[in-house]
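Data from data-v7.csv: CSV, C-alpha atoms and all ligand atoms
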chain,number,residue,atom,x,y,z
F,1,GLN,CA,0.0,0.0,0.0
F,2,LEU,CA,1.6,3.2,-1.2
F,3,SER,CA,1.3,6.3,1.0
F,4,GLN,CA,-1.1,8.9,-0.3
F,5,ARG,CA,1.8,11.3,-0.7
F,6,LEU,CA,3.7,9.0,-3.0
F,7,GLU,CA,0.6,8.0,-4.9
F,8,TYR,CA,0.0,11.7,-5.6
F,9,VAL,CA,3.6,12.2,-6.7
F,10,ALA,CA,3.3,9.1,-9.0
F,11,SER,CA,0.1,10.4,-10.6
F,12,PHE,CA,2.1,13.1,-12.3
F,13,ILE,CA,4.3,10.6,-14.2
F,14,THR,CA,3.0,10.3,-17.7
F,15,ARG,CA,2.1,6.9,-19.1
F,16,GLY,CA,4.9,5.0,-20.8
F,17,SER,CA,7.5,7.2,-19.2
F,18,ARG,CA,11.1,6.2,-18.7
F,19,PHE,CA,11.8,8.0,-15.5
F,20,ALA,CA,14.3,8.3,-12.6
F,21,ASP,CA,13.3,8.4,-9.0
F,22,ILE,CA,16.3,10.0,-7.2
F,23,GLY,CA,16.6,9.4,-3.5
F,24,SER,CA,14.2,6.5,-4.1
F,25,ASP,CA,14.7,4.7,-0.7
F,26,HIS,CA,12.5,1.6,-1.0
F,27,ALA,CA,11.9,2.2,-4.7
F,28,TYR,CA,8.2,2.4,-3.9
F,29,ILE,CA,7.4,4.9,-6.7
F,30,PRO,CA,9.2,3.0,-9.5
F,31,CYS,CA,7.6,-0.3,-8.5
F,32,TYR,CA,4.1,1.2,-8.1
F,33,VAL,CA,4.3,3.0,-11.4
F,34,CYS,CA,5.7,0.0,-13.3
F,35,GLN,CA,3.0,-2.3,-11.8
F,36,GLN,CA,0.2,0.1,-13.0
F,37,ASP,CA,1.8,0.9,-16.4
F,38,ASP,CA,3.2,-1.9,-18.5
F,39,LEU,CA,5.1,0.5,-20.7
F,40,ALA,CA,6.9,2.4,-17.9
F,41,GLU,CA,10.5,1.8,-17.0
F,42,ALA,CA,12.4,3.4,-14.2
F,43,VAL,CA,15.8,4.0,-12.6
F,44,ALA,CA,15.9,4.1,-8.8
F,45,GLY,CA,18.8,6.1,-7.6
F,46,GLU,CA,20.1,6.0,-4.0
F,47,VAL,CA,23.3,7.4,-2.4
F,48,ALA,CA,23.0,5.5,0.9
F,49,ASP,CA,23.7,1.8,1.4
F,50,ALA,CA,20.7,0.7,3.5
F,51,PRO,CA,18.1,2.4,1.3
F,52,PHE,CA,19.9,1.1,-1.8
F,53,ARG,CA,19.5,-2.4,-0.5
F,54,SER,CA,15.9,-1.8,0.4
F,55,ALA,CA,15.3,-0.6,-3.2
F,56,GLN,CA,16.9,-3.8,-4.5
F,57,ALA,CA,14.7,-5.9,-2.3
F,58,THR,CA,11.5,-4.2,-3.3
F,59,ILE,CA,12.3,-4.5,-7.0
F,60,SER,CA,13.1,-8.2,-6.6
F,61,GLN,CA,9.9,-8.9,-4.6
F,62,HIS,CA,7.8,-7.3,-7.3
F,63,GLY,CA,9.6,-9.2,-10.0
F,64,LEU,CA,10.5,-5.9,-11.7
F,65,THR,CA,14.3,-6.3,-12.1
F,66,ASP,CA,13.9,-6.2,-15.9
F,67,ARG,CA,12.1,-2.8,-15.8
F,68,VAL,CA,13.4,-1.0,-12.7
F,69,SER,CA,17.2,-0.5,-12.6
F,70,VAL,CA,18.5,0.3,-9.2
F,71,ARG,CA,21.7,2.3,-9.0
F,72,HIS,CA,24.0,3.4,-6.2
F,73,GLY,CA,25.3,6.9,-6.5
F,74,ASN,CA,24.9,10.6,-5.9
F,75,GLY,CA,22.0,12.5,-7.4
F,76,LEU,CA,21.7,12.5,-11.1
F,77,ASP,CA,25.2,10.9,-11.5
F,78,VAL,CA,23.5,7.5,-11.7
F,79,LEU,CA,22.0,8.5,-15.1
F,80,GLU,CA,23.4,8.4,-18.6
F,81,SER,CA,22.7,11.6,-20.4
F,82,GLY,CA,19.5,11.4,-22.4
F,83,GLU,CA,18.4,8.1,-20.7
F,84,VAL,CA,15.2,9.3,-19.0
F,85,ASP,CA,12.3,11.6,-19.9
F,86,SER,CA,11.3,12.5,-16.4
F,87,VAL,CA,12.9,12.9,-13.0
F,88,VAL,CA,11.2,12.5,-9.6
F,89,LEU,CA,12.8,14.1,-6.4
F,90,ALA,CA,10.6,13.4,-3.4
F,91,GLY,CA,10.8,13.5,0.3
F,92,MET,CA,14.0,15.6,0.5
F,93,GLY,CA,14.6,19.2,1.5
F,94,GLY,CA,14.4,21.9,-1.1
F,95,THR,CA,18.1,22.8,-0.7
F,96,LEU,CA,19.2,19.3,-1.4
F,97,ILE,CA,16.9,19.0,-4.4
F,98,LYS,CA,18.4,22.2,-5.8
F,99,THR,CA,21.9,20.9,-5.2
F,100,ILE,CA,21.1,17.6,-7.0
F,101,LEU,CA,19.6,19.5,-9.9
F,102,ASP,CA,22.5,22.0,-10.1
F,103,ASP,CA,25.1,19.2,-10.0
F,104,GLY,CA,23.4,17.1,-12.5
F,105,GLN,CA,22.4,19.7,-15.1
F,106,ASP,CA,24.3,17.8,-17.9
F,107,ARG,CA,22.1,14.7,-17.3
F,108,LEU,CA,18.9,16.7,-18.0
F,109,SER,CA,19.2,17.0,-21.7
F,110,ASN,CA,16.3,14.7,-22.5
F,111,VAL,CA,14.3,15.4,-19.3
F,112,GLY,CA,11.0,17.0,-20.3
F,113,ARG,CA,9.4,16.8,-16.8
F,114,ILE,CA,10.6,17.3,-13.3
F,115,ILE,CA,8.4,16.3,-10.4
F,116,ALA,CA,9.6,17.6,-7.1
F,117,GLN,CA,8.1,17.1,-3.6
F,118,PRO,CA,10.4,19.1,-1.3
F,119,ASN,CA,9.6,18.6,2.4
F,120,VAL,CA,10.9,22.1,3.3
F,121,ALA,CA,12.2,25.2,1.4
F,122,VAL,CA,9.8,24.7,-1.5
F,123,PRO,CA,10.3,28.2,-3.0
F,124,ILE,CA,14.0,27.4,-3.6
F,125,VAL,CA,12.9,24.6,-5.9
F,126,ARG,CA,10.3,26.7,-7.7
F,127,HIS,CA,13.0,29.3,-8.3
F,128,TRP,CA,15.5,26.8,-9.6
F,129,LEU,CA,12.9,25.4,-12.0
F,130,GLU,CA,12.0,28.8,-13.3
F,131,GLU,CA,15.6,29.8,-13.7
F,132,HIS,CA,16.6,26.7,-15.6
F,133,GLY,CA,13.9,26.5,-18.2
F,134,TYR,CA,11.3,24.3,-16.5
F,135,PRO,CA,8.1,26.3,-16.1
F,136,ILE,CA,5.8,25.0,-13.5
F,137,THR,CA,2.7,23.4,-15.1
F,138,ASN,CA,0.9,21.9,-12.1
F,139,GLU,CA,1.1,21.6,-8.4
F,140,GLY,CA,-0.5,19.6,-5.6
F,141,ILE,CA,-0.9,19.8,-1.9
F,142,ILE,CA,-1.8,17.0,0.4
F,143,GLU,CA,-2.0,16.3,4.2
F,144,GLU,CA,-1.0,12.9,5.5
F,145,ASN,CA,-0.2,11.9,9.1
F,146,GLY,CA,-0.2,15.5,10.3
F,147,HIS,CA,2.3,16.7,7.6
F,148,ILE,CA,1.5,18.9,4.7
F,149,TYR,CA,3.3,18.2,1.4
F,150,GLU,CA,3.6,20.2,-1.8
F,151,ILE,CA,4.2,18.7,-5.1
F,152,ILE,CA,5.6,20.7,-8.1
F,153,VAL,CA,5.4,19.6,-11.7
F,154,ALA,CA,7.6,21.4,-14.3
F,155,ASP,CA,7.7,20.9,-18.0
F,156,LYS,CA,10.6,22.0,-20.2
F,157,ASP,CA,8.5,22.7,-23.3
F,158,ALA,CA,5.8,24.7,-21.5
F,159,ALA,CA,5.5,28.5,-22.0
F,160,ALA,CA,7.5,30.4,-19.5
F,161,VAL,CA,5.4,32.7,-17.2
F,162,PRO,CA,7.7,34.6,-14.8
F,163,MET,CA,6.6,34.1,-11.2
F,164,THR,CA,6.3,36.9,-8.7
F,165,GLU,CA,7.9,36.6,-5.3
F,166,LYS,CA,4.4,35.9,-3.9
F,167,GLN,CA,3.9,33.0,-6.4
F,168,LEU,CA,7.3,31.6,-5.5
F,169,LEU,CA,6.3,31.5,-1.9
F,170,PHE,CA,2.8,30.0,-2.2
F,171,GLY,CA,3.0,28.3,-5.6
F,172,PRO,CA,1.3,29.7,-8.6
F,173,TYR,CA,-1.3,26.9,-9.0
F,174,LEU,CA,-1.8,26.4,-5.2
F,175,LEU,CA,-2.5,30.1,-4.9
F,176,GLN,CA,-5.2,29.8,-7.5
F,177,GLN,CA,-6.7,26.6,-6.1
F,178,LYS,CA,-6.6,27.6,-2.4
F,179,THR,CA,-7.7,24.2,-1.2
F,180,HIS,CA,-8.6,23.4,2.4
F,181,VAL,CA,-5.2,22.0,3.0
F,182,PHE,CA,-3.5,25.1,1.6
F,183,TYR,CA,-5.4,27.2,4.1
F,184,ARG,CA,-4.3,24.9,6.9
F,185,LYS,CA,-0.7,25.2,5.9
F,186,TRP,CA,-0.8,29.0,5.8
F,187,TYR,CA,-2.7,29.5,9.0
F,188,TYR,CA,0.1,27.5,10.6
F,189,GLU,CA,2.8,29.4,8.8
F,190,ARG,CA,1.2,32.7,9.8
F,191,ALA,CA,1.5,31.8,13.4
F,192,VAL,CA,5.1,30.8,12.9
F,193,ARG,CA,5.9,34.1,11.2
F,194,ARG,CA,4.2,36.1,14.0
F,195,GLN,CA,6.3,34.2,16.6
F,196,ILE,CA,9.5,34.8,14.7
F,197,ILE,CA,8.8,38.5,14.4
F,198,GLU,CA,8.2,38.8,18.2
F,199,GLN,CA,11.4,36.9,18.9
F,200,MET,CA,13.4,39.0,16.5
F,201,LYS,CA,12.1,42.3,18.0
F,202,GLN,CA,13.4,41.2,21.4
F,203,ALA,CA,16.9,40.7,20.1
F,204,ALA,CA,19.5,43.3,21.3
F,205,GLU,CA,20.3,44.2,17.7
F,206,PRO,CA,17.5,42.9,15.4
F,207,ASP,CA,18.5,42.0,11.9
F,208,THR,CA,16.4,44.6,10.2
F,209,ARG,CA,16.6,43.1,6.7
F,210,LYS,CA,15.5,39.7,7.9
F,211,LEU,CA,12.8,41.3,10.0
F,212,ALA,CA,11.5,43.2,6.9
F,213,ALA,CA,11.5,40.0,4.8
F,214,VAL,CA,9.5,38.0,7.4
F,215,ARG,CA,7.1,41.0,7.7
F,216,GLN,CA,6.6,41.0,4.0
F,217,GLU,CA,5.9,37.3,4.0
F,218,LEU,CA,3.4,37.8,6.9
F,219,ALA,CA,1.7,40.6,4.9
F,220,TRP,CA,1.3,38.3,1.9
F,221,ILE,CA,0.0,35.4,4.1
F,222,GLU,CA,-2.6,37.7,5.7
F,223,GLU,CA,-3.6,38.9,2.2
F,224,VAL,CA,-4.0,35.4,0.9
F,225,LEU,CA,-5.9,34.1,4.0
F,226,ASP,CA,-8.2,37.1,4.0
J,301,LIG,N1,11.8,9.5,-2.2
J,301,LIG,C1,11.3,8.7,-1.1
J,301,LIG,C2,10.1,9.3,-0.5
J,301,LIG,O1,9.7,10.4,-1.0
J,301,LIG,O2,9.5,8.7,0.3
J,301,LIG,C3,12.4,8.6,0.0
J,301,LIG,C4,12.7,9.9,0.7
J,301,LIG,S1,14.0,9.7,1.9
J,301,LIG,C5,13.5,10.8,3.2
J,301,LIG,C6,15.3,10.6,1.1
J,301,LIG,C7,16.2,9.6,0.5
J,301,LIG,O3,17.1,10.3,-0.4
J,301,LIG,C8,17.1,8.8,1.4
J,301,LIG,O4,16.9,7.4,1.2
J,301,LIG,C9,18.5,9.3,1.1
J,301,LIG,O5,19.5,8.3,1.3
J,301,LIG,C10,18.4,9.7,-0.3
J,301,LIG,N2,19.4,10.8,-0.7
J,301,LIG,C11,19.8,11.8,0.0
J,301,LIG,N3,20.7,12.5,-0.8
J,301,LIG,C12,20.8,11.9,-1.9
J,301,LIG,C13,21.6,12.1,-3.1
J,301,LIG,N4,22.4,13.2,-3.2
J,301,LIG,N5,21.5,11.3,-4.1
J,301,LIG,C14,20.6,10.2,-4.0
J,301,LIG,N6,19.9,9.9,-3.0
J,301,LIG,C15,20.0,10.8,-1.9
So that I can check it, write out the structure of this file as structure tokens.
Amino acid sequence: QLSQRLEYVASFITRGSRFADIGSDHAYIPCYVCQQDDLAEAVAGEVADAPFRSAQATISQHGLTDRVSVRHGNGLDVLESGEVDSVVLAGMGGTLIKTILDDGQDRLSNVGRIIAQPNVAVPIVRHWLEEHGYPITNEGIIEENGHIYEIIVADKDAAAVPMTEKQLLFGPYLLQQKTHVFYRKWYYERAVRRQIIEQMKQAAEPDTRKLAAVRQELAWIEEVLD
């Protein structure tokens, strides 16, 4: 039984895709997708030993060794250039996702779609995608086990629409959809920003630039929740 988060991420992989799941851990996404879609093929990439072995075990258990290739290595290094049409990066922080994409740019030549689910620092990933010719074409937000996750879909051949700072923060599609979960996330984030501002004001020498940035975010959040 795949988690709802991973099922949602997997739903953005196009049928018949040859994709890579980087930081695959148990290789749940590659196995799930290849079970559902006879034409799909996948590469599961893992840098750490134990998750790499878990991935090998899941792939064998599902009898998918001919369609899911598991590779041990850092980020996109495990890929041959032009080998996959889509890349999934899920369950990692936004800064790590950015580093993996930065370091592996030469492996993205044939990659039309990037699906990212950063656990934190989501705007960093939106910004990277926009800067590197992957306009965002869809987004999702889901709550599972008390955590809220955002999913970003970006397509190389889509028309580029520059994002405002506000869209980078909230997500251009999530901001339009404003789902129930979106509100929950931003009610919580509003409380966090208010607390940060109070703490910063009490500092002997408040960092005025940082304070102004948090105040700006708080103003946007209040506007969006209004
Ligand atoms: N993608 C799965 C998910 O969303 O449930 C697993 C997420 S798990 C929290 C993150 C995985 O990324 C870990 O198994 C970790 O070993 C792997 N990882 C971290 N940095 C990596 C890198 N540079 N290259 C490949 N895998 C990496």
Rank F:Leu2, F:Ala44, F:Leu225, F:Met200 by their smallest atom-to-atom distance to F:Ala213, using all atoms listed in the file, and report the top residue only. F:Met200
Write as an MDAnalysis selection string the residues around ligand LIG 301 (chain J), taking 9 Å as the cut-off and counting only C-alpha atoms and all ligand atoms. chainID F and resid 3 5:6 9 21:29 45:52 72:78 88:93 96:97 99:100 117:119
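The closest residue to F:Tyr183, picked from F:Ala20, F:Ile197, F:Val87, F:Val224 and counting all atoms listed in the file, is F:Val224.
For the pair atom CA of F:Glu131 and atom CA of F:Gln177, the separation is 23.8 Å.
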Kindly indicate which residue among F:Trp186, F:Phe12, F:Trp220, F:Phe19 lies nearest to F:Thr137, using all atoms listed in the file for the distances. F:Phe12
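Between atom CA of F:Ile114 and atom CA of F:Leu129 there is a distance of 8.5 Å.
Interatomic distance, atom CA of F:Ser11 against atom CA of F:Asp106: 26.3 Å.
With only C-alpha atoms as the atoms that count, the residue of F:Tyr134, F:Cys31, F:Leu168, F:Gly82 with the shortest distance to F:Ser60 is F:Cys31.
The residue that comes closest to F:Arg215, out of F:Gln195, F:Thr179, F:Asn145, F:Gln56 and on the basis of only C-alpha atoms, is F:Gln195.
Nearest residue to F:Glu83 among F:Arg15, F:Arg194, F:Gln1, F:Ser109 is F:Ser109, counting all atoms listed in the file.
Those residues positioned at most 8 Å from (14.3, -2.2, -16.3) are Glu41, Ala42, Val43, Leu64, Thr65, Asp66, Arg67, Val68 and Ser69 of chain F, judged using only C-alpha atoms.
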Using only C-alpha atoms, which protein or nucleic acid residues come within 7 Å of F:Asp85? Drop anything in the same chain fewer than 6 positions from it, and give the result as an mmCIF file with C-alpha atoms, in the frame of the given file.
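Result went into around.cif, see below:
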data_model
loop_
_atom_site.group_PDB
_atom_site.id
_atom_site.type_symbol
_atom_site.label_atom_id
_atom_site.label_comp_id
_atom_site.auth_asym_id
_atom_site.auth_seq_id
_atom_site.Cartn_x
_atom_site.Cartn_y
_atom_site.Cartn_z
ATOM 1 C CA SER F 17 7.500 7.200 -19.200
ATOM 2 C CA ARG F 18 11.100 6.200 -18.700
ATOM 3 C CA PHE F 19 11.800 8.000 -15.500
ATOM 4 C CA ASN F 110 16.300 14.700 -22.500
ATOM 5 C CA VAL F 111 14.300 15.400 -19.300
ATOM 6 C CA GLY F 112 11.000 17.000 -20.300
ATOM 7 C CA ARG F 113 9.400 16.800 -16.800
#
